Amino acid sequence: MVMDSGNRLGDIEITDPKAMRALAHPVRLAVLERLQREGPATATQLSPHVGATPSVTSWHLRHLATFGLVGDAAEAAGDRRERRWEAVARGFRFPVEPAWRRGAKVGNTRVVVSADELAAIEDAMEAVLAPYVARDPADRPADSRGVRFLRYALPEAAADATDEHPASPGDEGVVPGASRRP
């Protein structure tokens, strides 16, 4: 894993297959997502949000730490029973094929924006993609290949929302790992 200097989003690039496999566990993924979203926390604080006991959550945190995905929070106190953890990066990305490594990635980055800013981001992304989408096949470079851009903008629940709120129509299709909890 490397923090790439050309990585403007502050994501960590995961290249170790064992680290990739560590993220396949739903509790570890939930722990990492919660730390990225809410900031430093103890295993006890994370426990109710990730569906595991504090001791199991602590084990998963230590497992994530072996791959450099989480670490001790900067303001951590000396008491190890109250160990506070933090995510080491805002998100993560995986390189794809070596020949396309520089441009092909899978990422998961969290930003905090207003509804207008989110719309502006989507507009800007469409503006960047539009010339390539509409390009005449004769104008494509000889070494070009199809690339699928998947974009998900999944707004989190408002900070004052609670779990008692009824689900909205269409919530059945919420993507796994996209927390609805504040």
# chains A, B, ... in the order shown; residues from 1 in each chain; ligands from 1

call {"tool": "select_by_dssp", "arguments": {"residues": "segment 2-106 of chain A", "states": "strand (DSSP E or B)", "output": "tab-separated table (two decimals) with all heavy atoms, in the first residue's frame"}}
result
chain	number	residue	atom	x	y	z
A	2	VAL	N	0.43	2.24	-0.74
A	2	VAL	CA	1.22	3.44	-0.87
A	2	VAL	C	0.30	4.66	-0.90
A	2	VAL	O	-0.77	4.59	-1.48
A	2	VAL	CB	1.98	3.45	-2.21
A	2	VAL	CG1	3.24	4.25	-2.14
A	2	VAL	CG2	2.24	2.08	-2.75
A	11	ASP	N	-6.55	9.29	-0.93
A	11	ASP	CA	-6.88	7.88	-0.77
A	11	ASP	C	-5.60	7.06	-0.60
A	11	ASP	O	-4.53	7.46	-1.05
A	11	ASP	CB	-7.61	7.34	-2.00
A	11	ASP	CG	-8.98	7.97	-2.20
A	11	ASP	OD1	-9.52	8.51	-1.23
A	11	ASP	OD2	-9.48	7.91	-3.32
A	12	ILE	N	-5.73	5.91	0.02
A	12	ILE	CA	-4.61	4.99	0.12
A	12	ILE	C	-4.76	3.97	-1.01
A	12	ILE	O	-5.86	3.51	-1.29
A	12	ILE	CB	-4.54	4.31	1.50
A	12	ILE	CG1	-3.23	3.57	1.67
A	12	ILE	CG2	-5.72	3.41	1.74
A	12	ILE	CD1	-2.95	3.15	3.10
A	13	GLU	N	-3.67	3.69	-1.70
A	13	GLU	CA	-3.71	2.70	-2.77
A	13	GLU	C	-3.37	1.34	-2.18
A	13	GLU	O	-2.31	1.16	-1.59
A	13	GLU	CB	-2.73	3.05	-3.89
A	13	GLU	CG	-2.86	2.11	-5.06
A	13	GLU	CD	-2.11	2.58	-6.28
A	13	GLU	OE1	-2.53	3.59	-6.87
A	13	GLU	OE2	-1.10	1.95	-6.61
A	41	ALA	N	-12.37	6.92	16.96
A	41	ALA	CA	-13.30	6.28	17.90
A	41	ALA	C	-12.63	5.08	18.53
A	41	ALA	O	-11.66	4.53	18.02
A	41	ALA	CB	-14.57	5.85	17.17
A	70	VAL	N	-5.78	1.51	9.34
A	70	VAL	CA	-6.15	2.31	10.51
A	70	VAL	C	-4.93	2.39	11.42
A	70	VAL	O	-3.99	1.59	11.30
A	70	VAL	CB	-7.35	1.71	11.29
A	70	VAL	CG1	-8.59	1.61	10.42
A	70	VAL	CG2	-7.02	0.38	11.91
A	71	GLY	N	-4.96	3.36	12.32
A	71	GLY	CA	-3.87	3.50	13.27
A	71	GLY	C	-4.35	4.25	14.50
A	71	GLY	O	-5.52	4.64	14.59
A	72	ASP	N	-3.45	4.43	15.44
A	72	ASP	CA	-3.80	5.16	16.66
A	72	ASP	C	-4.12	6.61	16.30
A	72	ASP	O	-3.41	7.23	15.51
A	72	ASP	CB	-2.63	5.14	17.65
A	72	ASP	CG	-2.46	3.77	18.29
A	72	ASP	OD1	-3.49	3.16	18.65
A	72	ASP	OD2	-1.31	3.32	18.42
A	85	TRP	N	-8.91	4.90	17.61
A	85	TRP	CA	-8.42	4.55	16.27
A	85	TRP	C	-8.88	5.58	15.26
A	85	TRP	O	-9.90	6.23	15.45
A	85	TRP	CB	-8.99	3.20	15.86
A	85	TRP	CG	-8.56	2.06	16.72
A	85	TRP	CD1	-9.15	1.62	17.88
A	85	TRP	CD2	-7.47	1.18	16.49
A	85	TRP	NE1	-8.48	0.53	18.37
A	85	TRP	CE2	-7.45	0.23	17.53
A	85	TRP	CE3	-6.50	1.09	15.50
A	85	TRP	CZ2	-6.50	-0.78	17.60
A	85	TRP	CZ3	-5.56	0.08	15.56
A	85	TRP	CH2	-5.56	-0.84	16.62
A	86	GLU	N	-8.13	5.69	14.17
A	86	GLU	CA	-8.55	6.55	13.07
A	86	GLU	C	-8.16	5.91	11.75
A	86	GLU	O	-7.22	5.10	11.69
A	86	GLU	CB	-7.95	7.95	13.18
A	86	GLU	CG	-6.44	8.00	13.00
A	86	GLU	CD	-5.88	9.40	13.19
A	86	GLU	OE1	-6.67	10.36	13.31
A	86	GLU	OE2	-4.65	9.53	13.21
A	87	ALA	N	-8.90	6.25	10.69
A	87	ALA	CA	-8.56	5.79	9.35
A	87	ALA	C	-7.32	6.57	8.91
A	87	ALA	O	-7.18	7.75	9.23
A	87	ALA	CB	-9.72	6.04	8.40
A	91	GLY	N	-10.13	7.60	1.85
A	91	GLY	CA	-10.73	6.52	1.08
A	91	GLY	C	-9.66	5.54	0.65
A	91	GLY	O	-8.52	5.61	1.13
A	92	PHE	N	-10.01	4.65	-0.26
A	92	PHE	CA	-9.03	3.71	-0.76
A	92	PHE	C	-9.28	3.47	-2.24
A	92	PHE	O	-10.34	3.75	-2.76
A	92	PHE	CB	-9.05	2.39	0.02
A	92	PHE	CG	-10.41	1.75	0.12
A	92	PHE	CD1	-10.87	0.88	-0.86
A	92	PHE	CD2	-11.23	2.00	1.21
A	92	PHE	CE1	-12.11	0.29	-0.77
A	92	PHE	CE2	-12.48	1.42	1.32
A	92	PHE	CZ	-12.92	0.56	0.32
A	93	ARG	N	-8.24	2.99	-2.90
A	93	ARG	CA	-8.34	2.67	-4.31
A	93	ARG	C	-7.48	1.45	-4.60
A	93	ARG	O	-6.54	1.16	-3.85
A	93	ARG	CB	-7.94	3.85	-5.18
A	93	ARG	CG	-6.54	4.37	-4.91
A	93	ARG	CD	-6.09	5.48	-5.83
A	93	ARG	NE	-6.93	6.65	-5.66
A	93	ARG	CZ	-6.84	7.74	-6.39
A	93	ARG	NH1	-5.94	7.83	-7.33
A	93	ARG	NH2	-7.63	8.76	-6.19
A	94	PHE	N	-7.84	0.77	-5.65
A	94	PHE	CA	-7.12	-0.42	-6.07
A	94	PHE	C	-6.61	-0.21	-7.49
A	94	PHE	O	-7.39	0.20	-8.35
A	94	PHE	CB	-8.04	-1.65	-6.10
A	94	PHE	CG	-8.76	-1.91	-4.82
A	94	PHE	CD1	-10.10	-1.59	-4.68
A	94	PHE	CD2	-8.10	-2.48	-3.74
A	94	PHE	CE1	-10.78	-1.83	-3.49
A	94	PHE	CE2	-8.77	-2.72	-2.56
A	94	PHE	CZ	-10.10	-2.40	-2.44
A	95	PRO	N	-5.34	-0.49	-7.75
A	95	PRO	CA	-4.88	-0.43	-9.14
A	95	PRO	C	-5.46	-1.61	-9.92
A	95	PRO	O	-5.79	-2.64	-9.34
A	95	PRO	CB	-3.36	-0.55	-9.02
A	95	PRO	CG	-3.15	-1.28	-7.74
A	95	PRO	CD	-4.29	-0.89	-6.83
A	105	LYS	N	-8.52	2.72	-11.96
A	105	LYS	CA	-8.55	2.52	-10.51
A	105	LYS	C	-9.99	2.26	-10.08
A	105	LYS	O	-10.94	2.60	-10.75
A	105	LYS	CB	-8.09	3.79	-9.79
A	105	LYS	CG	-6.71	4.28	-10.16
A	105	LYS	CD	-5.78	4.12	-9.02
A	105	LYS	CE	-4.46	4.77	-9.21
A	105	LYS	NZ	-3.57	4.24	-10.14
A	106	VAL	N	-10.12	1.67	-8.93
A	106	VAL	CA	-11.39	1.56	-8.24
A	106	VAL	C	-11.19	2.31	-6.94
A	106	VAL	O	-10.21	2.08	-6.24
A	106	VAL	CB	-11.76	0.08	-7.96
A	106	VAL	CG1	-13.00	-0.01	-7.12
A	106	VAL	CG2	-11.92	-0.68	-9.27

call {"tool": "residues_around", "arguments": {"residues": "segment 142-145 of chain A", "least_positions_apart": "3", "cutoff": "12 Å", "atoms": "only C-alpha atoms", "output": "PyMOL selection string"}}
result
chain A and resi 99-100+104+132+137-139+148

call {"tool": "write_last_selection", "arguments": {"atoms": "N, CA, C and O atoms", "output": "compact mmCIF listing (two decimals), in the first residue's frame"}}
result
# COMPACT_ATOMS: atom_id res chain seq x y z
N ALA A 99 -0.73 -2.44 -17.40
CA ALA A 99 -0.62 -1.56 -18.56
C ALA A 99 -1.50 -0.32 -18.43
O ALA A 99 -1.22 0.72 -19.01
N TRP A 100 -2.53 -0.41 -17.64
CA TRP A 100 -3.46 0.70 -17.47
C TRP A 100 -3.41 1.25 -16.04
O TRP A 100 -4.27 2.02 -15.64
N ALA A 104 -6.43 3.49 -14.53
CA ALA A 104 -7.54 2.61 -14.15
C ALA A 104 -7.48 2.34 -12.65
O ALA A 104 -6.51 1.79 -12.16
N TYR A 132 -15.51 12.24 -24.81
CA TYR A 132 -15.12 10.86 -25.07
C TYR A 132 -16.32 9.99 -25.40
O TYR A 132 -16.23 9.08 -26.22
N PRO A 137 -16.02 7.06 -33.69
CA PRO A 137 -15.10 5.91 -33.60
C PRO A 137 -13.83 6.07 -34.44
O PRO A 137 -12.77 5.57 -34.06
N ALA A 138 -13.90 6.77 -35.53
CA ALA A 138 -12.71 6.97 -36.38
C ALA A 138 -11.67 7.86 -35.71
O ALA A 138 -10.49 7.82 -36.08
N ASP A 139 -12.09 8.63 -34.72
CA ASP A 139 -11.16 9.53 -34.03
C ASP A 139 -10.52 8.92 -32.79
O ASP A 139 -9.74 9.57 -32.11
N ARG A 148 -15.55 1.44 -18.49
CA ARG A 148 -16.84 1.76 -17.87
C ARG A 148 -16.58 2.62 -16.64
O ARG A 148 -15.84 2.23 -15.75

call {"tool": "closest_residue", "arguments": {"among": "A:Phe67, A:Ala24, A:Ser47, A:Ala153", "to": "Glu117 of chain A", "atoms": "only C-alpha atoms"}}
result
A:Ala153

call {"tool": "select_by_dssp", "arguments": {"residues": "segment 1-143 of chain A", "states": "helix (DSSP H, G or I)", "output": "number ranges by chain"}}
result
A: 17-22, 26-38, 43-50, 54-66, 80-82, 98-100, 115-133, 137-139

call {"tool": "closest_residue", "arguments": {"among": "A:Gly146, A:Gly39, A:Gly68, A:Gly51", "to": "Ala19 of chain A", "atoms": "only C-alpha atoms"}}
result
A:Gly68

call {"tool": "closest_residue", "arguments": {"among": "A:Val112, A:Val88, A:Ala124, A:Leu46", "to": "Leu69 of chain A", "atoms": "only C-alpha atoms"}}
result
A:Val88

call {"tool": "closest_residue", "arguments": {"among": "A:His49, A:Leu23, A:Asp16, A:Asn108", "to": "His63 of chain A", "atoms": "only C-alpha atoms"}}
result
A:Leu23

call {"tool": "atom_distance", "arguments": {"atom1": "atom CA of Ala73 of chain A", "atom2": "atom CA of Tyr152 of chain A"}}
result
29.1 Å

call {"tool": "closest_atom_pairs", "arguments": {"of": "segment 82-135 of chain A", "to": "segment 154-157 of chain A", "cutoff": "10 Å", "atoms": "only C-alpha atoms", "output": "JSON lines"}}
result
{"residue": "A:Arg110", "atom": "CA", "partner": "A:Leu154", "partner_atom": "CA", "distance": 9.6}
{"residue": "A:Val111", "atom": "CA", "partner": "A:Pro155", "partner_atom": "CA", "distance": 9.8}
{"residue": "A:Val112", "atom": "CA", "partner": "A:Pro155", "partner_atom": "CA", "distance": 9.3}
{"residue": "A:Val113", "atom": "CA", "partner": "A:Pro155", "partner_atom": "CA", "distance": 9.4}
{"residue": "A:Ser114", "atom": "CA", "partner": "A:Pro155", "partner_atom": "CA", "distance": 10.0}
{"residue": "A:Ala115", "atom": "CA", "partner": "A:Pro155", "partner_atom": "CA", "distance": 9.1}
{"residue": "A:Leu118", "atom": "CA", "partner": "A:Pro155", "partner_atom": "CA", "distance": 9.3}

call {"tool": "atom_distance", "arguments": {"atom1": "atom CA of Asp123 of chain A", "atom2": "atom CA of Leu150 of chain A"}}
result
14.9 Å

call {"tool": "atom_distance", "arguments": {"atom1": "atom CA of Leu61 of chain A", "atom2": "atom CA of Val31 of chain A"}}
result
7.4 Å
